[in-house]
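A short worksheet on the structure shown next.
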Amino acid sequence: MRVIAVEEHLSTEAFLRVAHGLDVVAGDETEMELMRTVEKTPAFRTRLVDLDARLREMDAAGQDLAVLSLDPPGVQPYPAADAVPLAREFNDALAAIVRRHPGRFGGLATVAPQDPAAAAAEVERAMGPLGLNGIMINSHTGGRYLDEPEFAPLLAAAEANRAPIYLHPRAPSALAAYRDYGMPGAIWGYQAEAGLHAMRLILSGTFDRYPGLTFVLGHLGEGIPYWLRRIDNRHAFAARTAGAATPMPRLSLTPSEYFRRNFVLTTSGMDDPDVLGLALRAVGADNVMFAIDFPYEDPAAAVAFLRDAPLTDEQRTAIGHRTAERVFRIT
């Protein structure tokens with residue numbers, strides 16, 4: 001079985017040299033201090049930048065292809081004047097990597113939502129001349145979310161260019177309650193933040209305005225599959241009961257219908273057969289893709305989970321490669 005993993009982070013020495021010297025926008029200092037510390041750790045930095053070693057590890061694990069993306073939170077913590085050219089330079093480097101290794105790597109472009117018009121232009125360039133497979137956005141940008149009107153050019157470009165958007169977590173925009181006990185990151189804050197962003201997109205009517213958008217959520221849906229039945233139930237109650245909720249737009253579909261139509265999930269970091277079973281019942285195997293979350297997770301363990309999970313052959317094929325081939329247009 002072909003194995004494609006779709007949340008596989010990297011960086012380049014050129015990107016890290018520039019990015020680590022930039023000022024960070026107010027509010028993102030804590031997250032970037034943590035990320036820069038991790039990226040400066042020699043062993044971790046090597047895993048980010050050494051593609052030959054990565055290919056050897058992929059071969060050892062039985063992984064055929066990795067869809068690469070910039071280590072989070074990308075260029076989003078930087079002023080727009082720095083972030084826009086830095087995104088272009090990284091995407092040029094990523095496209096060159098993909099061209100040098102046909103059949104082994106795909107790529108998700110990074111964009112700077114700080115400048116929505118520039119981000120829209122970069123989506124067109126990534127999906128056109130650069131030949132990449134989609135884009136990655138690391139949740140909020142300066143505390144702003146993609147459902148807000150200022151990001152309309154970016155969403156319109158993604159829909160027009162059939163660019164799937166991988167909505168990757170980052171530290172929550174409302175950081176104070178998460179700051180203690182290691183909670184801003186993957187222990188808890190990441191999934192809370194990405195799930196919040198996805199729910200804003202659903203409940204805002206964004207998918208009525210852009211029905212052709214595809215968003216990708218890691219970690220088997222950032223908790224949303226567990227809550228889908230209650231989300232529908234409480235949304236219906238609030239819609240018919242005056243004063244039961246803050247103002248909300250009228251939607252054409254139920255929240256769960258948008259989730260099944262406009263979102264695809266990945267297994268990244270969730271090697272749990274019970275959670276995988278829940279996700280499959282929620283959205284179906286044709287909306288679940290395999291991911292490792294390299295270099296934060298162990299490729300051998302993730303591929304072993306895909307191989308050994310209690311799945312039918314049809315489900316394993318869909319998760320292992322067929323859904324990724326469709327969503328990211330991988331040949």
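Each chain in the structure tokens gets a letter, A, B, ..., in the order shown, and its residues are numbered from 1; ligands are numbered from 1 in order too.
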What are the DSSP strand (DSSP E or B) residues of segment 215-316 of chain A, as a list of chain:residue names?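 Output for segment 215-316 of chain A, strand (DSSP E or B) only: A:Phe215, A:Val216, A:Leu217, A:Phe263, A:Val264, A:Leu265, A:Thr266, A:Val288, A:Met289.
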Go ahead and save the residues from that selection, with C-alpha atoms, as a PDB file, in the first residue's frame.
```pdb
ATOM      1  CA  PHE A 215     -10.046  22.885   5.077  1.00  0.00           C
ATOM      2  CA  VAL A 216      -7.848  20.208   6.589  1.00  0.00           C
ATOM      3  CA  LEU A 217      -7.783  19.642  10.360  1.00  0.00           C
ATOM      4  CA  PHE A 263     -13.348  19.559   6.172  1.00  0.00           C
ATOM      5  CA  VAL A 264     -10.956  16.652   5.817  1.00  0.00           C
ATOM      6  CA  LEU A 265      -9.206  15.208   8.867  1.00  0.00           C
ATOM      7  CA  THR A 266      -5.731  13.814   9.389  1.00  0.00           C
ATOM      8  CA  VAL A 288      -9.530  11.050   6.674  1.00  0.00           C
ATOM      9  CA  MET A 289      -5.852  11.164   5.670  1.00  0.00           C
TER      10      MET A 289
END
```
All residues 12 Å or closer to Lys40 of chain A, only C-alpha atoms, same chain fewer than 3 positions away omitted, as a short mmCIF file (atom, residue, chain, number, x, y, z; two decimals) with N, CA and C atoms, in the first residue's frame:
```
data_model
loop_
_atom_site.label_atom_id
_atom_site.label_comp_id
_atom_site.auth_asym_id
_atom_site.auth_seq_id
_atom_site.Cartn_x
_atom_site.Cartn_y
_atom_site.Cartn_z
N SER A 11 12.06 23.07 7.69
CA SER A 11 12.50 24.45 7.52
C SER A 11 13.78 24.40 6.70
N GLU A 13 17.82 26.29 6.47
CA GLU A 13 18.77 27.13 7.23
C GLU A 13 18.60 28.60 6.85
N LEU A 16 15.51 29.96 8.72
CA LEU A 16 15.73 30.10 10.16
C LEU A 16 16.66 31.26 10.48
N ARG A 17 17.70 31.46 9.66
CA ARG A 17 18.62 32.58 9.91
C ARG A 17 17.88 33.91 9.85
N ALA A 19 14.39 34.42 9.93
CA ALA A 19 13.23 34.49 10.81
C ALA A 19 13.63 34.71 12.26
N HIS A 20 14.70 34.07 12.70
CA HIS A 20 15.09 34.21 14.10
C HIS A 20 15.65 35.60 14.40
N MET A 32 6.80 32.43 20.28
CA MET A 32 8.00 32.44 19.45
C MET A 32 9.26 32.19 20.27
N GLU A 33 9.27 32.59 21.52
CA GLU A 33 10.41 32.24 22.36
C GLU A 33 10.53 30.73 22.50
N LEU A 34 9.39 30.07 22.69
CA LEU A 34 9.40 28.62 22.80
C LEU A 34 9.81 27.96 21.48
N MET A 35 9.22 28.42 20.36
CA MET A 35 9.52 27.79 19.08
C MET A 35 10.97 28.01 18.67
N ARG A 36 11.49 29.21 18.91
CA ARG A 36 12.89 29.47 18.55
C ARG A 36 13.84 28.64 19.39
N THR A 37 13.49 28.41 20.66
CA THR A 37 14.32 27.56 21.50
C THR A 37 14.36 26.14 20.94
N ALA A 43 19.76 18.74 17.58
CA ALA A 43 19.16 17.51 17.05
C ALA A 43 17.84 17.80 16.36
N PHE A 44 17.03 18.68 16.94
CA PHE A 44 15.75 18.99 16.34
C PHE A 44 15.94 19.78 15.05
N ARG A 45 16.88 20.74 15.06
CA ARG A 45 17.13 21.53 13.85
C ARG A 45 17.56 20.63 12.70
N THR A 46 18.38 19.64 12.99
CA THR A 46 18.81 18.72 11.95
C THR A 46 17.63 17.98 11.35
N ARG A 47 16.69 17.55 12.19
CA ARG A 47 15.52 16.83 11.67
C ARG A 47 14.65 17.74 10.81
N LEU A 48 14.68 19.05 11.07
CA LEU A 48 13.92 19.99 10.24
C LEU A 48 14.55 20.22 8.88
N VAL A 49 15.87 20.28 8.82
CA VAL A 49 16.53 20.79 7.61
C VAL A 49 17.21 19.70 6.78
#
```
Per residue of segment 215-331 of chain A within 8 Å of segment 130-153 of chain A, which atom pair is closest and at what distance in Å (one decimal), using only C-alpha atoms, listed by chain and increasing number, as JSON lines?
```
{"residue": "A:Phe328", "atom": "CA", "partner": "A:Asn133", "partner_atom": "CA", "distance": 5.1}
{"residue": "A:Arg329", "atom": "CA", "partner": "A:Asn133", "partner_atom": "CA", "distance": 6.6}
{"residue": "A:Ile330", "atom": "CA", "partner": "A:Asn133", "partner_atom": "CA", "distance": 7.5}
```
Could you take the residues named above and write them with all heavy atoms, as an mmCIF file, in the first residue's frame?
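Final output, saved to out_33.cif:
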```cif
data_model
loop_
_atom_site.group_PDB
_atom_site.id
_atom_site.type_symbol
_atom_site.label_atom_id
_atom_site.label_comp_id
_atom_site.auth_asym_id
_atom_site.auth_seq_id
_atom_site.Cartn_x
_atom_site.Cartn_y
_atom_site.Cartn_z
ATOM 1 N N PHE A 328 -5.152 16.783 -2.300
ATOM 2 C CA PHE A 328 -3.962 17.567 -2.662
ATOM 3 C C PHE A 328 -3.556 17.381 -4.119
ATOM 4 O O PHE A 328 -2.499 17.865 -4.526
ATOM 5 C CB PHE A 328 -2.809 17.219 -1.735
ATOM 6 C CG PHE A 328 -3.035 17.641 -0.315
ATOM 7 C CD1 PHE A 328 -3.059 16.706 0.703
ATOM 8 C CD2 PHE A 328 -3.221 18.971 -0.002
ATOM 9 C CE1 PHE A 328 -3.264 17.100 2.024
ATOM 10 C CE2 PHE A 328 -3.428 19.369 1.320
ATOM 11 C CZ PHE A 328 -3.447 18.435 2.332
ATOM 12 N N ARG A 329 -4.369 16.661 -4.887
ATOM 13 C CA ARG A 329 -4.109 16.436 -6.311
ATOM 14 C C ARG A 329 -2.684 15.908 -6.533
ATOM 15 O O ARG A 329 -1.886 16.460 -7.293
ATOM 16 C CB ARG A 329 -4.363 17.726 -7.104
ATOM 17 C CG ARG A 329 -5.854 18.040 -7.207
ATOM 18 C CD ARG A 329 -6.112 19.201 -8.140
ATOM 19 N NE ARG A 329 -5.912 20.464 -7.464
ATOM 20 C CZ ARG A 329 -5.912 21.646 -8.048
ATOM 21 N NH1 ARG A 329 -6.096 21.722 -9.365
ATOM 22 N NH2 ARG A 329 -5.734 22.747 -7.371
ATOM 23 N N ILE A 330 -2.412 14.816 -5.842
ATOM 24 C CA ILE A 330 -1.110 14.137 -5.955
ATOM 25 C C ILE A 330 -1.263 13.002 -6.954
ATOM 26 O O ILE A 330 -2.154 12.160 -6.822
ATOM 27 C CB ILE A 330 -0.673 13.583 -4.584
ATOM 28 C CG1 ILE A 330 -0.453 14.732 -3.598
ATOM 29 C CG2 ILE A 330 0.591 12.740 -4.725
ATOM 30 C CD1 ILE A 330 -0.275 14.257 -2.164
#
```
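Minimum atom-to-atom distances from A:Ser252, A:Ala244, A:Ile224, A:Val67 to Gly205 of chain A were compared using only C-alpha atoms, and the lowest value belongs to A:Ser252.
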Spatial neighbours of segment 292-298 of chain A, 6 Å, only C-alpha atoms, chain gap at least 3 places, as a ChimeraX atom specification: /A:7-9,268,301-302
Applying 12 Å and only C-alpha atoms, which residues near Leu86 of chain A remain after dropping the ones on its own chain fewer than 2 positions away? List them as an mmCIF file with N, CA, C and O atoms, in the first residue's frame.
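Saved file selection.cif follows:
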```cif
data_model
loop_
_atom_site.group_PDB
_atom_site.id
_atom_site.type_symbol
_atom_site.label_atom_id
_atom_site.label_comp_id
_atom_site.auth_asym_id
_atom_site.auth_seq_id
_atom_site.Cartn_x
_atom_site.Cartn_y
_atom_site.Cartn_z
ATOM 1 N N THR A 12 14.342 25.551 6.444
ATOM 2 C CA THR A 12 15.633 25.639 5.770
ATOM 3 C C THR A 12 16.543 26.499 6.619
ATOM 4 O O THR A 12 16.083 27.354 7.396
ATOM 5 N N ALA A 14 18.335 28.874 5.584
ATOM 6 C CA ALA A 14 18.153 30.262 5.152
ATOM 7 C C ALA A 14 16.941 30.881 5.834
ATOM 8 O O ALA A 14 16.988 32.031 6.305
ATOM 9 N N PHE A 15 15.833 30.139 5.903
ATOM 10 C CA PHE A 15 14.644 30.677 6.563
ATOM 11 C C PHE A 15 14.909 30.927 8.038
ATOM 12 O O PHE A 15 14.555 31.983 8.578
ATOM 13 N N LEU A 16 15.512 29.964 8.722
ATOM 14 C CA LEU A 16 15.731 30.103 10.161
ATOM 15 C C LEU A 16 16.663 31.260 10.477
ATOM 16 O O LEU A 16 16.441 31.995 11.451
ATOM 17 N N ARG A 17 17.703 31.464 9.660
ATOM 18 C CA ARG A 17 18.615 32.578 9.909
ATOM 19 C C ARG A 17 17.883 33.910 9.850
ATOM 20 O O ARG A 17 18.092 34.793 10.692
ATOM 21 N N VAL A 18 17.027 34.077 8.864
ATOM 22 C CA VAL A 18 16.296 35.341 8.724
ATOM 23 C C VAL A 18 15.211 35.457 9.785
ATOM 24 O O VAL A 18 15.106 36.469 10.489
ATOM 25 N N ALA A 19 14.395 34.418 9.931
ATOM 26 C CA ALA A 19 13.231 34.492 10.810
ATOM 27 C C ALA A 19 13.628 34.713 12.262
ATOM 28 O O ALA A 19 12.980 35.488 12.984
ATOM 29 N N HIS A 20 14.695 34.073 12.698
ATOM 30 C CA HIS A 20 15.088 34.212 14.097
ATOM 31 C C HIS A 20 15.654 35.601 14.402
ATOM 32 O O HIS A 20 15.813 35.941 15.578
ATOM 33 N N LEU A 22 14.088 38.406 13.246
ATOM 34 C CA LEU A 22 13.015 39.374 13.051
ATOM 35 C C LEU A 22 12.324 39.722 14.358
ATOM 36 O O LEU A 22 12.246 38.905 15.282
ATOM 37 N N LEU A 70 6.035 24.349 6.210
ATOM 38 C CA LEU A 70 6.931 25.098 7.080
ATOM 39 C C LEU A 70 6.591 24.852 8.544
ATOM 40 O O LEU A 70 5.421 24.811 8.931
ATOM 41 N N GLY A 74 4.957 29.427 11.121
ATOM 42 C CA GLY A 74 5.230 30.014 9.811
ATOM 43 C C GLY A 74 5.691 31.452 9.894
ATOM 44 O O GLY A 74 6.526 31.819 10.737
ATOM 45 N N VAL A 75 5.135 32.298 9.036
ATOM 46 C CA VAL A 75 5.512 33.715 9.000
ATOM 47 C C VAL A 75 4.492 34.593 9.712
ATOM 48 O O VAL A 75 4.617 35.811 9.716
ATOM 49 N N GLN A 76 3.495 34.002 10.331
ATOM 50 C CA GLN A 76 2.378 34.785 10.869
ATOM 51 C C GLN A 76 2.725 35.649 12.082
ATOM 52 O O GLN A 76 2.031 36.638 12.328
ATOM 53 N N PRO A 77 3.787 35.362 12.843
ATOM 54 C CA PRO A 77 4.103 36.241 13.975
ATOM 55 C C PRO A 77 4.907 37.485 13.610
ATOM 56 O O PRO A 77 5.289 38.241 14.509
ATOM 57 N N TYR A 78 5.165 37.723 12.326
ATOM 58 C CA TYR A 78 6.046 38.808 11.933
ATOM 59 C C TYR A 78 5.268 39.940 11.268
ATOM 60 O O TYR A 78 4.190 39.717 10.698
ATOM 61 N N PRO A 79 5.792 41.165 11.314
ATOM 62 C CA PRO A 79 5.137 42.262 10.595
ATOM 63 C C PRO A 79 4.989 41.933 9.114
ATOM 64 O O PRO A 79 5.830 41.244 8.522
ATOM 65 N N ALA A 80 3.931 42.430 8.499
ATOM 66 C CA ALA A 80 3.643 42.094 7.105
ATOM 67 C C ALA A 80 4.803 42.420 6.179
ATOM 68 O O ALA A 80 5.077 41.669 5.236
ATOM 69 N N ALA A 81 5.485 43.522 6.436
ATOM 70 C CA ALA A 81 6.587 43.923 5.556
ATOM 71 C C ALA A 81 7.705 42.884 5.537
ATOM 72 O O ALA A 81 8.419 42.746 4.532
ATOM 73 N N ASP A 82 7.871 42.149 6.626
ATOM 74 C CA ASP A 82 8.851 41.063 6.677
ATOM 75 C C ASP A 82 8.248 39.740 6.230
ATOM 76 O O ASP A 82 8.906 38.931 5.560
ATOM 77 N N ALA A 83 6.990 39.506 6.600
ATOM 78 C CA ALA A 83 6.381 38.197 6.388
ATOM 79 C C ALA A 83 6.125 37.898 4.917
ATOM 80 O O ALA A 83 6.295 36.752 4.473
ATOM 81 N N VAL A 84 5.696 38.901 4.149
ATOM 82 C CA VAL A 84 5.337 38.657 2.751
ATOM 83 C C VAL A 84 6.536 38.185 1.931
ATOM 84 O O VAL A 84 6.467 37.137 1.263
ATOM 85 N N ARG A 88 7.377 34.229 0.318
ATOM 86 C CA ARG A 88 7.715 33.974 -1.084
ATOM 87 C C ARG A 88 9.039 33.218 -1.197
ATOM 88 O O ARG A 88 9.157 32.263 -1.974
ATOM 89 N N GLU A 89 10.029 33.641 -0.421
ATOM 90 C CA GLU A 89 11.338 32.989 -0.492
ATOM 91 C C GLU A 89 11.252 31.535 -0.032
ATOM 92 O O GLU A 89 11.855 30.636 -0.640
ATOM 93 N N PHE A 90 10.500 31.297 1.035
ATOM 94 C CA PHE A 90 10.363 29.917 1.493
ATOM 95 C C PHE A 90 9.631 29.070 0.453
ATOM 96 O O PHE A 90 10.021 27.920 0.189
ATOM 97 N N ASN A 91 8.577 29.610 -0.124
ATOM 98 C CA ASN A 91 7.817 28.829 -1.110
ATOM 99 C C ASN A 91 8.655 28.515 -2.340
ATOM 100 O O ASN A 91 8.515 27.435 -2.931
ATOM 101 N N ASP A 92 9.515 29.429 -2.738
ATOM 102 C CA ASP A 92 10.436 29.128 -3.834
ATOM 103 C C ASP A 92 11.340 27.954 -3.471
ATOM 104 O O ASP A 92 11.568 27.045 -4.284
ATOM 105 N N ALA A 93 11.863 27.976 -2.236
ATOM 106 C CA ALA A 93 12.734 26.890 -1.790
ATOM 107 C C ALA A 93 11.967 25.569 -1.696
ATOM 108 O O ALA A 93 12.478 24.512 -2.089
ATOM 109 N N ALA A 109 2.239 25.552 0.611
ATOM 110 C CA ALA A 109 2.839 26.883 0.675
ATOM 111 C C ALA A 109 2.485 27.563 1.988
ATOM 112 O O ALA A 109 1.450 27.297 2.602
ATOM 113 N N THR A 110 3.342 28.476 2.397
ATOM 114 C CA THR A 110 3.037 29.357 3.523
ATOM 115 C C THR A 110 2.639 30.715 2.965
ATOM 116 O O THR A 110 3.132 31.139 1.911
ATOM 117 N N VAL A 111 1.713 31.380 3.633
ATOM 118 C CA VAL A 111 1.271 32.709 3.220
ATOM 119 C C VAL A 111 1.244 33.612 4.440
ATOM 120 O O VAL A 111 1.293 33.148 5.584
ATOM 121 N N ALA A 112 1.144 34.916 4.191
ATOM 122 C CA ALA A 112 1.107 35.926 5.250
ATOM 123 C C ALA A 112 -0.283 36.551 5.288
ATOM 124 O O ALA A 112 -0.545 37.522 4.570
ATOM 125 N N ALA A 118 -1.745 40.242 -0.576
ATOM 126 C CA ALA A 118 -0.502 39.549 -0.903
ATOM 127 C C ALA A 118 -0.655 38.039 -0.702
ATOM 128 O O ALA A 118 -0.117 37.241 -1.481
ATOM 129 N N ALA A 119 -1.387 37.642 0.344
ATOM 130 C CA ALA A 119 -1.616 36.221 0.584
ATOM 131 C C ALA A 119 -2.407 35.608 -0.567
ATOM 132 O O ALA A 119 -2.120 34.481 -1.008
ATOM 133 N N GLU A 122 -0.162 35.050 -3.418
ATOM 134 C CA GLU A 122 0.747 33.932 -3.185
ATOM 135 C C GLU A 122 0.036 32.590 -3.336
ATOM 136 O O GLU A 122 0.642 31.609 -3.780
#
```
Given the choices A:Leu306, A:Ala239, A:Val283, A:Ala163, which gets closest to Glu257 of chain A if the distance is worked out from only C-alpha atoms?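 Using only C-alpha atoms, Glu257 of chain A sits closest to A:Val283.
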Using the chain letters and numbers from this document, which residues of segment 197-258 of chain A does DSSP assign to alpha helix (DSSP H), as number ranges by chain? A: 197-203, 206-209, 219-222, 224-240, 255-258
Could you tell me which of A:Thr254, A:Asn233, A:Glu159, A:Ala245 comes closest to Gly212 of chain A if we count only C-alpha atoms?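 The closest residue to Gly212 of chain A is A:Glu159.
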Tell me, in Å to one decimal, how far atom CA of Thr241 of chain A is from atom CA of Leu201 of chain A.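 Separating atom CA of Thr241 of chain A from atom CA of Leu201 of chain A is a distance of 22.4 Å.
Among the candidates A:Gly243, A:Pro299, A:Pro211, A:Pro273, the residue lying nearest to Arg54 of chain A is A:Pro299 (atoms considered: only C-alpha atoms).
Using only C-alpha atoms, the smallest distance between any of A:Leu213, A:Leu51, A:Ala171, A:Ala282 and Leu94 of chain A comes from A:Leu51.
Candidate residues A:Ala285, A:Phe290, A:Trp188, A:Ile231 were compared for distance to Asp64 of chain A, and the nearest is A:Phe290, using only C-alpha atoms.
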Residues at most 10 Å from Arg104 of chain A, counting only C-alpha atoms, excluding those fewer than 6 positions away in the same chain, as a ChimeraX atom specification? /A:4,55,58,63-67,97-98
Provide the atom CA of Arg322 of chain A to atom CA of Gly106 of chain A distance in Å, to one decimal place. 14.6 Å
